Amino acid sequence: MSTVIRMIVTRIALGVGLLFIVSLVIFWATELLPGDLATQLLGQAATPETVAALRAQLGLNDPAPVRYWAWLTGALTGDFGVSLANNRPIAELIGARLGNTVFLALYAAAMSVPIALTLGILSALWRNSPFDRVANAGALSAISFPEFFVAYILVLWLAQTGIFPSMVRITPSTDFGDRVYMTFLPALTLTLVVTAHMMRMTRAAIINLMASPYIEMARLKGLSPLRIVLRHALPNALAPIINVIALNLAYLITGVVVVEVVFVYPGLGQLMVDAVSNRDIAVVQAVALIFAAAYVGLNLIADVLSTITNPRLMHRR
Amino acid sequence: MTRYNLPALARSGVSRRGVLQGAAAVGAAGLILPGTMSRARAQTRGGTFRIGLGHGSTGDSYDPGLWDNLYAQTFAAARHNQLIEVGADGNLVPEVAESWDSDDGITWVFRIREGLTFHSGRDVTVEDVIASINHHRGDDSTSAVKTLLEPITDVTADGQNVVVTLNAANADLPYLMTDYHIAIMPAVDGRIDPNSTDGLGGYIVESYEPGVQATLTRNPDYWKEDRAWFDRIEILSILDPAARLNALITGEVHLIDQVDPATIGMLEGRGVARILSIPGNAHYVFPMDSRAAPFDDNNVRLALKYALDREAMVDVILGGHGAVSNDNPIGPANRFFHAEMEAKTYDPDRARYYLQQAGLESLDVTLAAADAAFSGAVDAASMFSENARAAGINITVDRVPNDGYWDNVWMKVPFCASYWGGRAVEDHMFTTGYASGSAWNDSFWENERFNELLVAARSEIDEDLRREMYYEMQEIVSFEGSVIIPMNNNYVMAVANEVATPERISANWNLDGFRCVERWWMA
């Protein structure tokens, strides 16, 4: 067990260092973008005088390292500051949206992970059967279509017929049942997009093991194919499967801006896009760190889980 | 397009003072007699009006000086009132100011209506009005209308009156006061709180999530009795055109803006909504930097003006929802619109002739465009390029990114695409976009005669003389100016059948002058 704890501690330390580097890179990258918050906010209405006045008001005239340091010290003390664009506290701006994003990611994961595992195991079991072919072709077609296309097709079939709403209007007061109902189409879209990856990895990992001598032994013992797959092959195939699931979960949190736009879902993706186009550096940093932390955290969990499921890593000699 | 009431009265020889009071009286009559609008059906109270707009971002500010998109404008119109409102016919309607008056055009007196209260319950005072105007003035102001209000030298209180002093006579000051930025908000210590949503409009803000949704409920104490028919207003930000259309078809929203011309036929076939296409003063432009060769030669500019097929652009880019413009920033909804000017047609031979006058055999120019300038700008630029080839003009279309367009392209490259929302007043439009030295003179154009006329017309009291001056200015801009204006775009919106609209819809801005929230009702 100490192996695992040591690993968690080192990985968290490395993760924090990584987040620091990410924040530096993001800051540097936003500095490279043309224009700044003042010119973006005033848009076509910008005159040199109003831009100068707004810059002074927003403190944009300080040199970049000074602004970065001010942001970093604030963030370390838990104060993410206010959005430069509209003076709203960033914590408040992000809070509800982070909740929405996590809800949608978990919803999509709750649908896609069981489907992917079941389909993956069954198609490994019935390898090269018509079932295997259909499941693979279906999953691969779903992943091959662009997300917005899948979303529009679902809207055409399921929303224009009045079964599900075409857009998500959720507020903090919306109850759980309504949330599940209203968010079904975006969650289904994401399910269709991510299932193939996980399913194919499950199938490949299991099939890979099926050629091993110990599976041969199990077969010679006369065990049923299902039992062989579930009891003997699957535990050894878990490590790659867990890694792929973690990668897809991270994607569900960070990469769903297209689905958010199509279904008007108030998640973090749209906030990030708006903040980048407004050059609202404080919001960009905060959201980018959340995204980076999601990747770091989920990868850590995946590594811990794959270590635990692998006795050779748990009991190293 | 019907003209304003103001000149009609003026032509009958009423004194200036009488004109302004008369205008106020016309508006007041409209308030007392809602039936004067000759509405087909009687208005009913109640219902939730949901609007889906292709604007709005998480960075939207509460600060009235920074309102810049249709979302902010409509949301503001629901919760705020202004000094003066622009009526459906383009006439001035008293709002917080119940009347206004000036003897010389320099000192203007606005009488503030008594008995108005903010949503917070506070009475609206003269000080609130002064602070609301002053928010857009002064050195540290960041307001987008700072330049517009620059001629104001002083704003003072006089009993129930607000006295505005200008540095030169301006007959159009009341029109300038209708600008949507100048919302009346409560003042504390002589300053408004730009982050407050407190106003005196027909709806009270219940919740607001920038870039997502604003929910408002009817203000039970609203002073206008024939306005604000809905119980609730929800304004949603739906950036994706297809999502917006779906929301309307599936009944999630009642009104959407920016309907894609390609989908209008299908939408009408569904029978759930109708299209409103309102011709206004908004226009799409291709400004040329008149300081830079080859655009410093008016012959080159004229050659380009004759080398594009305006009719085709209206058909293709606007889907017919617009009108051909004769390089005239003054639109058909303006008082002094010069409709009889010699029309420019697509004439490659004439373009070639002007090219020869400029001593050129052929012309190579680069036109920068992005859809940030207007939707279809890149296609319009390509059409221009195709058209111009017949006249020996090679236009290379440089497709640039939307992001940072106003920062890096507009007024930075010599030839690009842009748009104007149009202005209710000729002076406002000319001063902002064409006067020498104006910050938004995007063609860097200077014309001595034009500048003289601009100042003279601003303070001219005789309506006929004024018209003559504005006609001449439009001709100068059209034939000597450095901005190609191919078309006036209509405001195109789609309204669900459950919502009724007045017979006349205001053309001064989109969505019934942003006032759909208080002028429309559930059928």
# chains A, B, ... in the order shown; residues from 1 in each chain; ligands from 1
call {"tool": "residues_around", "arguments": {"residues": "stretch 60-69 of chain A", "least_positions_apart": "2", "cutoff": "9 Å", "atoms": "only C-alpha atoms", "output": "ChimeraX atom specification"}}
result
/A:24,27-28,31,36-38,54-58,71-74
call {"tool": "write_last_selection", "arguments": {"atoms": "N, CA and C atoms", "output": "mmCIF file, in the first residue's frame"}}
result
data_model
loop_
_atom_site.group_PDB
_atom_site.id
_atom_site.type_symbol
_atom_site.label_atom_id
_atom_site.label_comp_id
_atom_site.auth_asym_id
_atom_site.auth_seq_id
_atom_site.Cartn_x
_atom_site.Cartn_y
_atom_site.Cartn_z
ATOM 1 N N LEU A 24 1.761 29.569 -16.550
ATOM 2 C CA LEU A 24 2.731 30.459 -17.204
ATOM 3 C C LEU A 24 2.538 30.447 -18.722
ATOM 4 N N PHE A 27 -0.632 32.252 -19.750
ATOM 5 C CA PHE A 27 -0.476 33.701 -19.631
ATOM 6 C C PHE A 27 0.328 34.242 -20.808
ATOM 7 N N TRP A 28 1.412 33.540 -21.089
ATOM 8 C CA TRP A 28 2.285 33.954 -22.188
ATOM 9 C C TRP A 28 1.526 33.896 -23.514
ATOM 10 N N GLU A 31 -0.895 36.683 -23.919
ATOM 11 C CA GLU A 31 -0.187 37.935 -24.207
ATOM 12 C C GLU A 31 0.142 38.047 -25.695
ATOM 13 N N ASP A 36 -6.076 43.747 -26.566
ATOM 14 C CA ASP A 36 -6.245 43.388 -25.165
ATOM 15 C C ASP A 36 -7.699 43.581 -24.772
ATOM 16 N N LEU A 37 -7.969 43.384 -23.492
ATOM 17 C CA LEU A 37 -9.334 43.439 -22.995
ATOM 18 C C LEU A 37 -10.012 44.764 -23.331
ATOM 19 N N ALA A 38 -9.269 45.869 -23.191
ATOM 20 C CA ALA A 38 -9.889 47.179 -23.416
ATOM 21 C C ALA A 38 -10.369 47.312 -24.858
ATOM 22 N N LEU A 54 -9.995 53.023 -20.267
ATOM 23 C CA LEU A 54 -10.380 51.687 -19.806
ATOM 24 C C LEU A 54 -9.144 50.897 -19.372
ATOM 25 N N ARG A 55 -8.040 51.055 -20.118
ATOM 26 C CA ARG A 55 -6.805 50.350 -19.752
ATOM 27 C C ARG A 55 -6.331 50.772 -18.369
ATOM 28 N N ALA A 56 -6.375 52.074 -18.141
ATOM 29 C CA ALA A 56 -5.933 52.584 -16.849
ATOM 30 C C ALA A 56 -6.826 52.023 -15.745
ATOM 31 N N GLN A 57 -8.144 52.007 -16.026
ATOM 32 C CA GLN A 57 -9.096 51.525 -15.023
ATOM 33 C C GLN A 57 -8.869 50.051 -14.707
ATOM 34 N N LEU A 58 -8.545 49.260 -15.732
ATOM 35 C CA LEU A 58 -8.405 47.818 -15.546
ATOM 36 C C LEU A 58 -7.004 47.426 -15.105
ATOM 37 N N TRP A 71 -1.805 38.087 -10.170
ATOM 38 C CA TRP A 71 -2.805 37.035 -10.334
ATOM 39 C C TRP A 71 -2.420 35.798 -9.532
ATOM 40 N N LEU A 72 -1.115 35.423 -9.613
ATOM 41 C CA LEU A 72 -0.663 34.188 -8.976
ATOM 42 C C LEU A 72 -0.813 34.266 -7.462
ATOM 43 N N THR A 73 -0.391 35.388 -6.878
ATOM 44 C CA THR A 73 -0.499 35.515 -5.425
ATOM 45 C C THR A 73 -1.959 35.474 -4.996
ATOM 46 N N GLY A 74 -2.824 36.108 -5.798
ATOM 47 C CA GLY A 74 -4.253 36.063 -5.480
ATOM 48 C C GLY A 74 -4.767 34.641 -5.534
#
call {"tool": "interface_residues", "arguments": {"of": "chain A", "to": "chain B", "cutoff": "8 Å", "atoms": "only C-alpha atoms", "output": "ChimeraX atom specification"}}
result
/A:34-35,39-48,50-51,53-54,83,85-87,155,159-160,162,165-167,261-264,266,271,274-275,277-278,280
call {"tool": "closest_atom_pairs", "arguments": {"of": "stretch 247-289 of chain A", "to": "stretch 194-211 of chain A", "cutoff": "9 Å", "atoms": "only C-alpha atoms", "output": "Markdown table"}}
result
| residue | atom | partner | partner_atom | distance |
| --- | --- | --- | --- | --- |
| A:Asn248 | CA | A:Val194 | CA | 6.6 |
| A:Leu249 | CA | A:Val194 | CA | 9.0 |
| A:Tyr251 | CA | A:Val194 | CA | 8.8 |
| A:Leu252 | CA | A:Val194 | CA | 8.4 |
call {"tool": "atom_distance", "arguments": {"atom1": "atom CA of A:Leu192", "atom2": "atom CA of A:Pro240"}}
result
20.6 Å
call {"tool": "closest_atom_pairs", "arguments": {"of": "stretch 166-247 of chain A", "to": "stretch 100-121 of chain A", "cutoff": "12 Å", "atoms": "only C-alpha atoms", "output": "JSON lines"}}
result
{"residue": "A:Val168", "atom": "CA", "partner": "A:Asn100", "partner_atom": "CA", "distance": 10.8}
{"residue": "A:Arg169", "atom": "CA", "partner": "A:Asn100", "partner_atom": "CA", "distance": 11.3}
{"residue": "A:Ile170", "atom": "CA", "partner": "A:Asn100", "partner_atom": "CA", "distance": 8.8}
{"residue": "A:Thr171", "atom": "CA", "partner": "A:Asn100", "partner_atom": "CA", "distance": 9.5}
{"residue": "A:Pro172", "atom": "CA", "partner": "A:Asn100", "partner_atom": "CA", "distance": 9.2}
{"residue": "A:Thr174", "atom": "CA", "partner": "A:Asn100", "partner_atom": "CA", "distance": 11.3}
{"residue": "A:Phe176", "atom": "CA", "partner": "A:Phe103", "partner_atom": "CA", "distance": 10.3}
{"residue": "A:Arg179", "atom": "CA", "partner": "A:Phe103", "partner_atom": "CA", "distance": 9.2}
{"residue": "A:Val180", "atom": "CA", "partner": "A:Tyr107", "partner_atom": "CA", "distance": 8.0}
{"residue": "A:Tyr181", "atom": "CA", "partner": "A:Tyr107", "partner_atom": "CA", "distance": 11.0}
{"residue": "A:Met182", "atom": "CA", "partner": "A:Leu104", "partner_atom": "CA", "distance": 10.8}
{"residue": "A:Thr183", "atom": "CA", "partner": "A:Leu104", "partner_atom": "CA", "distance": 7.2}
{"residue": "A:Phe184", "atom": "CA", "partner": "A:Tyr107", "partner_atom": "CA", "distance": 8.4}
{"residue": "A:Leu185", "atom": "CA", "partner": "A:Ala108", "partner_atom": "CA", "distance": 9.9}
{"residue": "A:Pro186", "atom": "CA", "partner": "A:Leu104", "partner_atom": "CA", "distance": 7.8}
{"residue": "A:Ala187", "atom": "CA", "partner": "A:Ala108", "partner_atom": "CA", "distance": 4.7}
{"residue": "A:Leu188", "atom": "CA", "partner": "A:Ala108", "partner_atom": "CA", "distance": 6.7}
{"residue": "A:Thr189", "atom": "CA", "partner": "A:Ala108", "partner_atom": "CA", "distance": 8.4}
{"residue": "A:Leu190", "atom": "CA", "partner": "A:Ala108", "partner_atom": "CA", "distance": 6.1}
{"residue": "A:Thr191", "atom": "CA", "partner": "A:Ser112", "partner_atom": "CA", "distance": 4.9}
{"residue": "A:Leu192", "atom": "CA", "partner": "A:Ser112", "partner_atom": "CA", "distance": 7.6}
{"residue": "A:Val193", "atom": "CA", "partner": "A:Ser112", "partner_atom": "CA", "distance": 9.1}
{"residue": "A:Val194", "atom": "CA", "partner": "A:Ser112", "partner_atom": "CA", "distance": 7.1}
{"residue": "A:Thr195", "atom": "CA", "partner": "A:Ala116", "partner_atom": "CA", "distance": 5.3}
{"residue": "A:Ala196", "atom": "CA", "partner": "A:Ala116", "partner_atom": "CA", "distance": 7.0}
{"residue": "A:His197", "atom": "CA", "partner": "A:Ala116", "partner_atom": "CA", "distance": 8.3}
{"residue": "A:Met198", "atom": "CA", "partner": "A:Ala116", "partner_atom": "CA", "distance": 5.8}
{"residue": "A:Met199", "atom": "CA", "partner": "A:Ala116", "partner_atom": "CA", "distance": 4.4}
{"residue": "A:Arg200", "atom": "CA", "partner": "A:Gly120", "partner_atom": "CA", "distance": 6.3}
{"residue": "A:Met201", "atom": "CA", "partner": "A:Gly120", "partner_atom": "CA", "distance": 7.6}
{"residue": "A:Thr202", "atom": "CA", "partner": "A:Gly120", "partner_atom": "CA", "distance": 5.1}
{"residue": "A:Arg203", "atom": "CA", "partner": "A:Gly120", "partner_atom": "CA", "distance": 4.5}
{"residue": "A:Ala204", "atom": "CA", "partner": "A:Gly120", "partner_atom": "CA", "distance": 8.3}
{"residue": "A:Ala205", "atom": "CA", "partner": "A:Gly120", "partner_atom": "CA", "distance": 9.4}
{"residue": "A:Ile206", "atom": "CA", "partner": "A:Ile121", "partner_atom": "CA", "distance": 7.4}
{"residue": "A:Ile207", "atom": "CA", "partner": "A:Ile121", "partner_atom": "CA", "distance": 9.2}
{"residue": "A:Met210", "atom": "CA", "partner": "A:Ile121", "partner_atom": "CA", "distance": 11.7}
{"residue": "A:Pro225", "atom": "CA", "partner": "A:Ile121", "partner_atom": "CA", "distance": 11.0}
{"residue": "A:Leu226", "atom": "CA", "partner": "A:Ile121", "partner_atom": "CA", "distance": 8.9}
{"residue": "A:Arg227", "atom": "CA", "partner": "A:Ile121", "partner_atom": "CA", "distance": 11.3}
{"residue": "A:Ile228", "atom": "CA", "partner": "A:Ile121", "partner_atom": "CA", "distance": 11.1}
{"residue": "A:Val229", "atom": "CA", "partner": "A:Ile121", "partner_atom": "CA", "distance": 7.5}
{"residue": "A:Leu230", "atom": "CA", "partner": "A:Ile121", "partner_atom": "CA", "distance": 8.2}
{"residue": "A:Arg231", "atom": "CA", "partner": "A:Ile121", "partner_atom": "CA", "distance": 11.9}
{"residue": "A:Ala233", "atom": "CA", "partner": "A:Ile121", "partner_atom": "CA", "distance": 9.9}
{"residue": "A:Leu234", "atom": "CA", "partner": "A:Ile121", "partner_atom": "CA", "distance": 8.4}
{"residue": "A:Ala237", "atom": "CA", "partner": "A:Ile121", "partner_atom": "CA", "distance": 10.7}
{"residue": "A:Leu238", "atom": "CA", "partner": "A:Leu117", "partner_atom": "CA", "distance": 10.6}
{"residue": "A:Ile241", "atom": "CA", "partner": "A:Leu117", "partner_atom": "CA", "distance": 8.8}
{"residue": "A:Ile242", "atom": "CA", "partner": "A:Val113", "partner_atom": "CA", "distance": 10.3}
{"residue": "A:Val244", "atom": "CA", "partner": "A:Val113", "partner_atom": "CA", "distance": 10.4}
{"residue": "A:Ile245", "atom": "CA", "partner": "A:Val113", "partner_atom": "CA", "distance": 7.4}
{"residue": "A:Ala246", "atom": "CA", "partner": "A:Ala109", "partner_atom": "CA", "distance": 10.1}
{"residue": "A:Leu247", "atom": "CA", "partner": "A:Ala109", "partner_atom": "CA", "distance": 11.5}
call {"tool": "atom_distance", "arguments": {"atom1": "atom CA of B:Ala214", "atom2": "atom CA of B:Glu127"}}
result
28.7 Å
call {"tool": "select_by_dssp", "arguments": {"residues": "stretch 228-356 of chain B", "states": "strand (DSSP E or B)", "output": "list in words"}}
result
Arg232, Ile233, Glu234, Ile235, Leu236, Ser237, Leu255, Ile256, Asp257, Ala273, Arg274, Ile275, Leu276, Ser277, Ile278, His283, Tyr284, Val285, Phe286, Pro287, Met288, Gly322, Ala323 and Val324 of chain B
call {"tool": "closest_residue", "arguments": {"among": "B:Pro151, B:Pro64, B:Gly138, B:Pro486", "to": "B:Ala312", "atoms": "only C-alpha atoms"}}
result
B:Pro486
call {"tool": "atom_distance", "arguments": {"atom1": "atom CA of B:Thr156", "atom2": "atom CA of B:Ala424"}}
result
26.2 Å
